[in-house]
Amino acid sequence: MRKNFWLMYSFYPGPSQLNPRIPEYMQEACASGILSMNHRSPEFVALSADVKRLMREKLELPEGYSVFYVSSATECWEIIAENLIAGQSAHLYNGAFGEKWMIRTRQLGIGVHALPFGLQEAIDWEKLDIPAEADTLCLTSCETSNGTQLRNEDYEQARRYFADGIIAVDATSSLGGIALPWEQADVWYASVQKCLGLPAGMALMICSPRAIERAKELGRTNHYNSVMSMLEQAQKHQTTHTPNVLNIFLLKKVLEDSLPIHQIEKMIVDRYEAWVCFFQQFERLNLLIESEDIRAKTVLPVKGDVSFVEEIKRMAKNAGYLLGNGYGDWKENSFRIANFPSMAEEAIGGLREFLTKNFE
């Protein structure tokens with residue numbers, strides 16, 4: 001049954017349901033006047049500095065890591081290719097977004113080594129053959145298309161096997177939802193419309209001192225948003241372009257009200273375990289990813305017969321719950337459920353009640 005506090009509650013894994021306080025924060029942004037301020041103004045500089053301080057505090061960013069505001073995670077593919085890959089890159093992936101990153105890098109004229117691995121497989125680092133020519137290793141923390149996630153040991157092994165190179169990580173469905181081992185990689189990036197619960201239209205790119213040193217060595221400044229230009233402005237808490245000031249303001253407000261990341265992660269894991277237990281009661285539905293070891297905690301794809309899945313999505317939408325479509329090879333026979341921090345317990349309970357009543 002529809003609840004009167006929403007028209008449609010979205011469990012889509014991005015853009016997903018907004019943090020419930022976003023309307024309030026948007027009114028505050030308008031009233032504050034910050035949206036009319038120049039992005040070189042003291043007011044914006046103070047806002048930007050506050051956001052970076054809160055990210056270090058709440059997300060436990062290491063000292064010395066630089067934070068940049070960019071337009072999207074997709075833009076980060078180009079920034080990395082144009083500024084940080086010295087010659088060739090190696091891409092480990094098992095899903096659509098990791099593969100798209102690889103393809104885009106190749107389209108930009110970079111020598112690319114594609115290292116795909118199986119959907120139901122963990123990375124076998126001892127058998128992995130990373131070419132010696134590759135100077136940048138590209139990983140996907142959580143593959144939103146299929147609901148897989150790197151293990152903590154994967155980051156450690158990546159650093160071990162790629163000790164002298166740059167490691168870049170797409171953390172789009174992880175950042176803000178689970179604790180990340182920042183020092184095990186050099187570039188982390190994520191769009192804000194997932195675990196951070198913000199409107200789409202901005203991404204965060206976080207670079208280690210090693211990544212900044214690589215950018216300085218390469219010295220490439222002939223691209224829009226070159227890392228060197230971004231760094232010069234970021235050191236003044238400014239940007240190379242007129243930024244998405246509204247989303248920066250909203251990010252500040254969300255971070256101010258957020259728990260520390262390890263507490264958020266515990267909540268996410270508890271919810272994930274409850275979802276796993278919940279779907280065990282359905283004979284005609286199964287989680288797409290079989291192994292607990294590689295299953296994402298923030299995105300849960302559920303599979304079934306095509307007609308059954310279509311019926312579930314249609315009836316759920318009529319009841320006020322928007323389920324994420326499957327993606328790629330699983331588009332027709334699966335749906336995805338976002339397990340992001342902003343998801344309301346009442347909505348989660350309502351969706352479970354709906355599924356139990358109609359499909360158990």
# chains A, B, ... in the order shown; residues from 1 in each chain; ligands from 1

$ closest_atom_pairs --of "stretch 242-289 of chain A" --to "stretch 45-60 of chain A" --cutoff "12 Å" --atoms "only C-alpha atoms" --output "JSON lines"
{"residue": "A:Pro243", "atom": "CA", "partner": "A:Ser48", "partner_atom": "CA", "distance": 10.5}
{"residue": "A:Asn244", "atom": "CA", "partner": "A:Ser48", "partner_atom": "CA", "distance": 11.2}
{"residue": "A:Val245", "atom": "CA", "partner": "A:Leu47", "partner_atom": "CA", "distance": 9.1}
{"residue": "A:Leu246", "atom": "CA", "partner": "A:Leu47", "partner_atom": "CA", "distance": 10.7}
{"residue": "A:Asn247", "atom": "CA", "partner": "A:Val51", "partner_atom": "CA", "distance": 10.8}
{"residue": "A:Ile248", "atom": "CA", "partner": "A:Ser48", "partner_atom": "CA", "distance": 7.3}
{"residue": "A:Phe249", "atom": "CA", "partner": "A:Leu47", "partner_atom": "CA", "distance": 7.0}
{"residue": "A:Leu250", "atom": "CA", "partner": "A:Val51", "partner_atom": "CA", "distance": 9.6}
{"residue": "A:Leu251", "atom": "CA", "partner": "A:Val51", "partner_atom": "CA", "distance": 7.0}
{"residue": "A:Lys252", "atom": "CA", "partner": "A:Val51", "partner_atom": "CA", "distance": 5.1}
{"residue": "A:Lys253", "atom": "CA", "partner": "A:Val51", "partner_atom": "CA", "distance": 8.8}
{"residue": "A:Val254", "atom": "CA", "partner": "A:Leu54", "partner_atom": "CA", "distance": 9.8}
{"residue": "A:Leu255", "atom": "CA", "partner": "A:Leu54", "partner_atom": "CA", "distance": 6.3}
{"residue": "A:Glu256", "atom": "CA", "partner": "A:Leu54", "partner_atom": "CA", "distance": 7.0}
{"residue": "A:Asp257", "atom": "CA", "partner": "A:Lys58", "partner_atom": "CA", "distance": 9.8}
{"residue": "A:Ser258", "atom": "CA", "partner": "A:Lys58", "partner_atom": "CA", "distance": 7.3}
{"residue": "A:Leu259", "atom": "CA", "partner": "A:Lys58", "partner_atom": "CA", "distance": 7.0}
{"residue": "A:Pro260", "atom": "CA", "partner": "A:Lys58", "partner_atom": "CA", "distance": 4.7}
{"residue": "A:Ile261", "atom": "CA", "partner": "A:Leu59", "partner_atom": "CA", "distance": 5.4}
{"residue": "A:His262", "atom": "CA", "partner": "A:Leu59", "partner_atom": "CA", "distance": 8.5}
{"residue": "A:Gln263", "atom": "CA", "partner": "A:Lys58", "partner_atom": "CA", "distance": 10.0}
{"residue": "A:Ile264", "atom": "CA", "partner": "A:Lys58", "partner_atom": "CA", "distance": 9.9}
{"residue": "A:Glu265", "atom": "CA", "partner": "A:Leu59", "partner_atom": "CA", "distance": 10.8}

$ residues_around --residues "A:Glu82" --least-positions-apart "5" --cutoff "8 Å" --atoms "only C-alpha atoms" --output "NGL selection string"
:A and (220 or 223 or 226)

$ write_last_selection --atoms "C-alpha atoms" --output "PDB file, in the first residue's frame"
ATOM      1  CA  ARG A 220      50.010  17.104 -18.395  1.00  0.00           C
ATOM      2  CA  HIS A 223      43.129  18.718 -20.631  1.00  0.00           C
ATOM      3  CA  SER A 226      43.957  18.351 -15.409  1.00  0.00           C
TER       4      SER A 226
END

$ closest_residue --among "A:Ser16, A:Ile167, A:Gly320, A:Leu198" --to "A:Leu351" --atoms "only C-alpha atoms"
A:Gly320

$ select_by_dssp --residues "stretch 31-169 of chain A" --states "alpha helix (DSSP H)" --output "PyMOL selection string"
chain A and resi 31-32+42-58+73-83+96-107+152-161

$ write_last_selection --atoms "C-alpha atoms" --output "mmCIF file, in the first residue's frame"
data_model
loop_
_atom_site.group_PDB
_atom_site.id
_atom_site.type_symbol
_atom_site.label_atom_id
_atom_site.label_comp_id
_atom_site.auth_asym_id
_atom_site.auth_seq_id
_atom_site.Cartn_x
_atom_site.Cartn_y
_atom_site.Cartn_z
ATOM 1 C CA ALA A 31 18.059 30.798 2.438
ATOM 2 C CA SER A 32 21.793 30.978 3.190
ATOM 3 C CA PRO A 42 35.264 33.472 0.999
ATOM 4 C CA GLU A 43 31.857 31.890 1.606
ATOM 5 C CA PHE A 44 32.461 29.103 -0.900
ATOM 6 C CA VAL A 45 36.037 28.599 0.292
ATOM 7 C CA ALA A 46 34.745 28.121 3.844
ATOM 8 C CA LEU A 47 32.077 25.666 2.631
ATOM 9 C CA SER A 48 34.614 23.637 0.653
ATOM 10 C CA ALA A 49 37.045 23.551 3.557
ATOM 11 C CA ASP A 50 34.267 22.329 5.871
ATOM 12 C CA VAL A 51 33.337 19.503 3.482
ATOM 13 C CA LYS A 52 36.917 18.278 3.253
ATOM 14 C CA ARG A 53 37.326 18.463 7.039
ATOM 15 C CA LEU A 54 34.130 16.445 7.509
ATOM 16 C CA MET A 55 35.235 13.850 4.954
ATOM 17 C CA ARG A 56 38.474 13.321 6.848
ATOM 18 C CA GLU A 57 36.550 13.100 10.118
ATOM 19 C CA LYS A 58 33.554 10.959 9.135
ATOM 20 C CA ALA A 73 32.446 8.989 -11.983
ATOM 21 C CA THR A 74 32.522 8.711 -15.764
ATOM 22 C CA GLU A 75 34.567 11.913 -15.935
ATOM 23 C CA CYS A 76 37.067 10.290 -13.583
ATOM 24 C CA TRP A 77 37.813 7.668 -16.253
ATOM 25 C CA GLU A 78 39.105 10.446 -18.469
ATOM 26 C CA ILE A 79 40.923 12.304 -15.694
ATOM 27 C CA ILE A 80 42.817 9.132 -14.768
ATOM 28 C CA ALA A 81 43.642 8.294 -18.394
ATOM 29 C CA GLU A 82 44.743 11.805 -19.283
ATOM 30 C CA ASN A 83 46.682 12.617 -16.118
ATOM 31 C CA ALA A 96 29.643 -3.782 -16.977
ATOM 32 C CA PHE A 97 31.044 -0.700 -15.264
ATOM 33 C CA GLY A 98 34.548 -2.078 -14.853
ATOM 34 C CA GLU A 99 34.456 -3.088 -18.515
ATOM 35 C CA LYS A 100 33.143 0.332 -19.607
ATOM 36 C CA TRP A 101 36.019 1.989 -17.755
ATOM 37 C CA MET A 102 38.462 -0.237 -19.638
ATOM 38 C CA ILE A 103 36.814 0.478 -22.996
ATOM 39 C CA ARG A 104 36.775 4.235 -22.447
ATOM 40 C CA THR A 105 40.458 4.214 -21.504
ATOM 41 C CA ARG A 106 41.257 2.315 -24.693
ATOM 42 C CA GLN A 107 39.217 4.799 -26.744
ATOM 43 C CA ASN A 152 39.567 -6.560 2.029
ATOM 44 C CA GLU A 153 42.369 -8.932 1.081
ATOM 45 C CA ASP A 154 42.014 -7.897 -2.564
ATOM 46 C CA TYR A 155 43.196 -4.386 -1.767
ATOM 47 C CA GLU A 156 46.131 -5.757 0.214
ATOM 48 C CA GLN A 157 47.060 -8.139 -2.581
ATOM 49 C CA ALA A 158 46.709 -5.384 -5.171
ATOM 50 C CA ARG A 159 49.229 -3.269 -3.318
ATOM 51 C CA ARG A 160 51.514 -6.266 -2.860
ATOM 52 C CA TYR A 161 51.474 -7.275 -6.525
#

$ residues_around --residues "A:Ser10" --least-positions-apart "5" --cutoff "7 Å" --atoms "only C-alpha atoms" --output "compact mmCIF listing (two decimals) with C-alpha atoms, in the first residue's frame"
# COMPACT_ATOMS: atom_id res chain seq x y z
CA SER A 16 18.62 6.18 -5.57
CA GLN A 17 16.39 7.45 -2.81
CA TYR A 321 8.17 0.71 -4.55
CA LEU A 322 10.59 1.19 -7.44
CA LEU A 323 12.95 -1.77 -7.80

$ closest_residue --among "A:Ser334, A:Asn325, A:Asn38, A:Ser71" --to "A:Met202" --atoms "only C-alpha atoms"
A:Ser71

$ select_by_dssp --residues "stretch 70-267 of chain A" --states "strand (DSSP E)" --output "NGL selection string"
:A and (70 or 88-93 or 111-116 or 136-140 or 142-143 or 148-149 or 166-170 or 187-191 or 203-207)

$ write_last_selection --atoms "N, CA and C atoms" --output "tab-separated table (two decimals), in the first residue's frame"
chain	number	residue	atom	x	y	z
A	70	VAL	N	34.27	16.75	-9.01
A	70	VAL	CA	34.15	16.63	-10.46
A	70	VAL	C	32.69	16.34	-10.80
A	88	GLN	N	50.57	2.49	-19.92
A	88	GLN	CA	49.56	1.46	-20.09
A	88	GLN	C	48.85	1.19	-18.77
A	89	SER	N	47.62	0.71	-18.87
A	89	SER	CA	46.83	0.39	-17.69
A	89	SER	C	46.37	-1.06	-17.75
A	90	ALA	N	46.12	-1.64	-16.58
A	90	ALA	CA	45.54	-2.97	-16.46
A	90	ALA	C	44.22	-2.85	-15.72
A	91	HIS	N	43.18	-3.51	-16.24
A	91	HIS	CA	41.84	-3.38	-15.68
A	91	HIS	C	41.32	-4.76	-15.26
A	92	LEU	N	41.07	-4.92	-13.97
A	92	LEU	CA	40.43	-6.13	-13.46
A	92	LEU	C	38.94	-5.85	-13.32
A	93	TYR	N	38.11	-6.69	-13.92
A	93	TYR	CA	36.67	-6.42	-13.84
A	93	TYR	C	35.88	-7.71	-14.06
A	111	GLY	N	47.25	2.25	-24.00
A	111	GLY	CA	47.46	0.81	-24.12
A	111	GLY	C	46.82	0.11	-22.92
A	112	VAL	N	45.81	-0.71	-23.18
A	112	VAL	CA	44.99	-1.30	-22.11
A	112	VAL	C	45.18	-2.81	-22.07
A	113	HIS	N	45.31	-3.36	-20.86
A	113	HIS	CA	45.33	-4.80	-20.63
A	113	HIS	C	44.04	-5.17	-19.90
A	114	ALA	N	43.16	-5.89	-20.57
A	114	ALA	CA	41.88	-6.29	-19.98
A	114	ALA	C	42.08	-7.61	-19.25
A	115	LEU	N	41.71	-7.65	-17.97
A	115	LEU	CA	41.85	-8.84	-17.13
A	115	LEU	C	40.50	-9.18	-16.50
A	116	PRO	N	39.56	-9.69	-17.31
A	116	PRO	CA	38.25	-10.05	-16.76
A	116	PRO	C	38.32	-11.30	-15.90
A	136	THR	N	49.41	1.46	-14.17
A	136	THR	CA	48.22	1.83	-13.41
A	136	THR	C	47.27	0.64	-13.39
A	137	LEU	N	46.82	0.26	-12.20
A	137	LEU	CA	45.90	-0.86	-12.02
A	137	LEU	C	44.53	-0.32	-11.65
A	138	CYS	N	43.50	-0.73	-12.39
A	138	CYS	CA	42.15	-0.20	-12.21
A	138	CYS	C	41.23	-1.28	-11.66
A	139	LEU	N	40.58	-0.99	-10.53
A	139	LEU	CA	39.71	-1.94	-9.84
A	139	LEU	C	38.34	-1.31	-9.59
A	140	THR	N	37.35	-2.16	-9.41
A	140	THR	CA	36.01	-1.70	-9.06
A	140	THR	C	35.65	-2.24	-7.69
A	142	CYS	N	32.81	-1.97	-5.79
A	142	CYS	CA	31.50	-2.63	-5.83
A	142	CYS	C	30.98	-2.51	-7.25
A	143	GLU	N	30.78	-3.64	-7.90
A	143	GLU	CA	30.27	-3.63	-9.28
A	143	GLU	C	28.75	-3.53	-9.23
A	148	THR	N	28.65	-7.53	-6.96
A	148	THR	CA	29.86	-8.13	-6.38
A	148	THR	C	30.70	-7.05	-5.72
A	149	GLN	N	31.60	-7.48	-4.85
A	149	GLN	CA	32.40	-6.53	-4.08
A	149	GLN	C	33.78	-7.12	-3.84
A	166	ILE	N	50.41	2.85	-9.74
A	166	ILE	CA	49.25	3.57	-9.23
A	166	ILE	C	48.05	2.63	-9.25
A	167	ILE	N	47.30	2.59	-8.16
A	167	ILE	CA	46.08	1.79	-8.07
A	167	ILE	C	44.91	2.74	-7.99
A	168	ALA	N	43.97	2.60	-8.93
A	168	ALA	CA	42.77	3.44	-8.98
A	168	ALA	C	41.54	2.57	-8.74
A	169	VAL	N	40.59	3.08	-7.95
A	169	VAL	CA	39.42	2.29	-7.55
A	169	VAL	C	38.14	3.07	-7.80
A	170	ASP	N	37.21	2.46	-8.54
A	170	ASP	CA	35.85	2.97	-8.66
A	170	ASP	C	35.10	2.54	-7.40
A	187	VAL	N	43.93	6.33	-6.01
A	187	VAL	CA	42.82	7.12	-6.51
A	187	VAL	C	41.53	6.39	-6.15
A	188	TRP	N	40.62	7.11	-5.51
A	188	TRP	CA	39.29	6.59	-5.22
A	188	TRP	C	38.29	7.61	-5.76
A	189	TYR	N	37.26	7.14	-6.44
A	189	TYR	CA	36.27	8.08	-6.95
A	189	TYR	C	34.88	7.48	-6.84
A	190	ALA	N	33.89	8.37	-6.73
A	190	ALA	CA	32.51	7.92	-6.58
A	190	ALA	C	31.55	9.04	-6.90
A	191	SER	N	30.48	8.70	-7.60
A	191	SER	CA	29.36	9.63	-7.75
A	191	SER	C	28.61	9.71	-6.43
A	203	ALA	N	30.64	14.16	-8.50
A	203	ALA	CA	31.42	13.03	-8.01
A	203	ALA	C	32.58	13.56	-7.19
A	204	LEU	N	33.13	12.69	-6.38
A	204	LEU	CA	34.31	13.01	-5.58
A	204	LEU	C	35.47	12.17	-6.08
A	205	MET	N	36.62	12.78	-6.19
A	205	MET	CA	37.83	12.08	-6.59
A	205	MET	C	38.89	12.34	-5.52
A	206	ILE	N	39.42	11.27	-4.96
A	206	ILE	CA	40.33	11.37	-3.82
A	206	ILE	C	41.67	10.78	-4.22
A	207	CYS	N	42.74	11.56	-4.10
A	207	CYS	CA	44.05	11.16	-4.61
A	207	CYS	C	45.09	11.15	-3.50
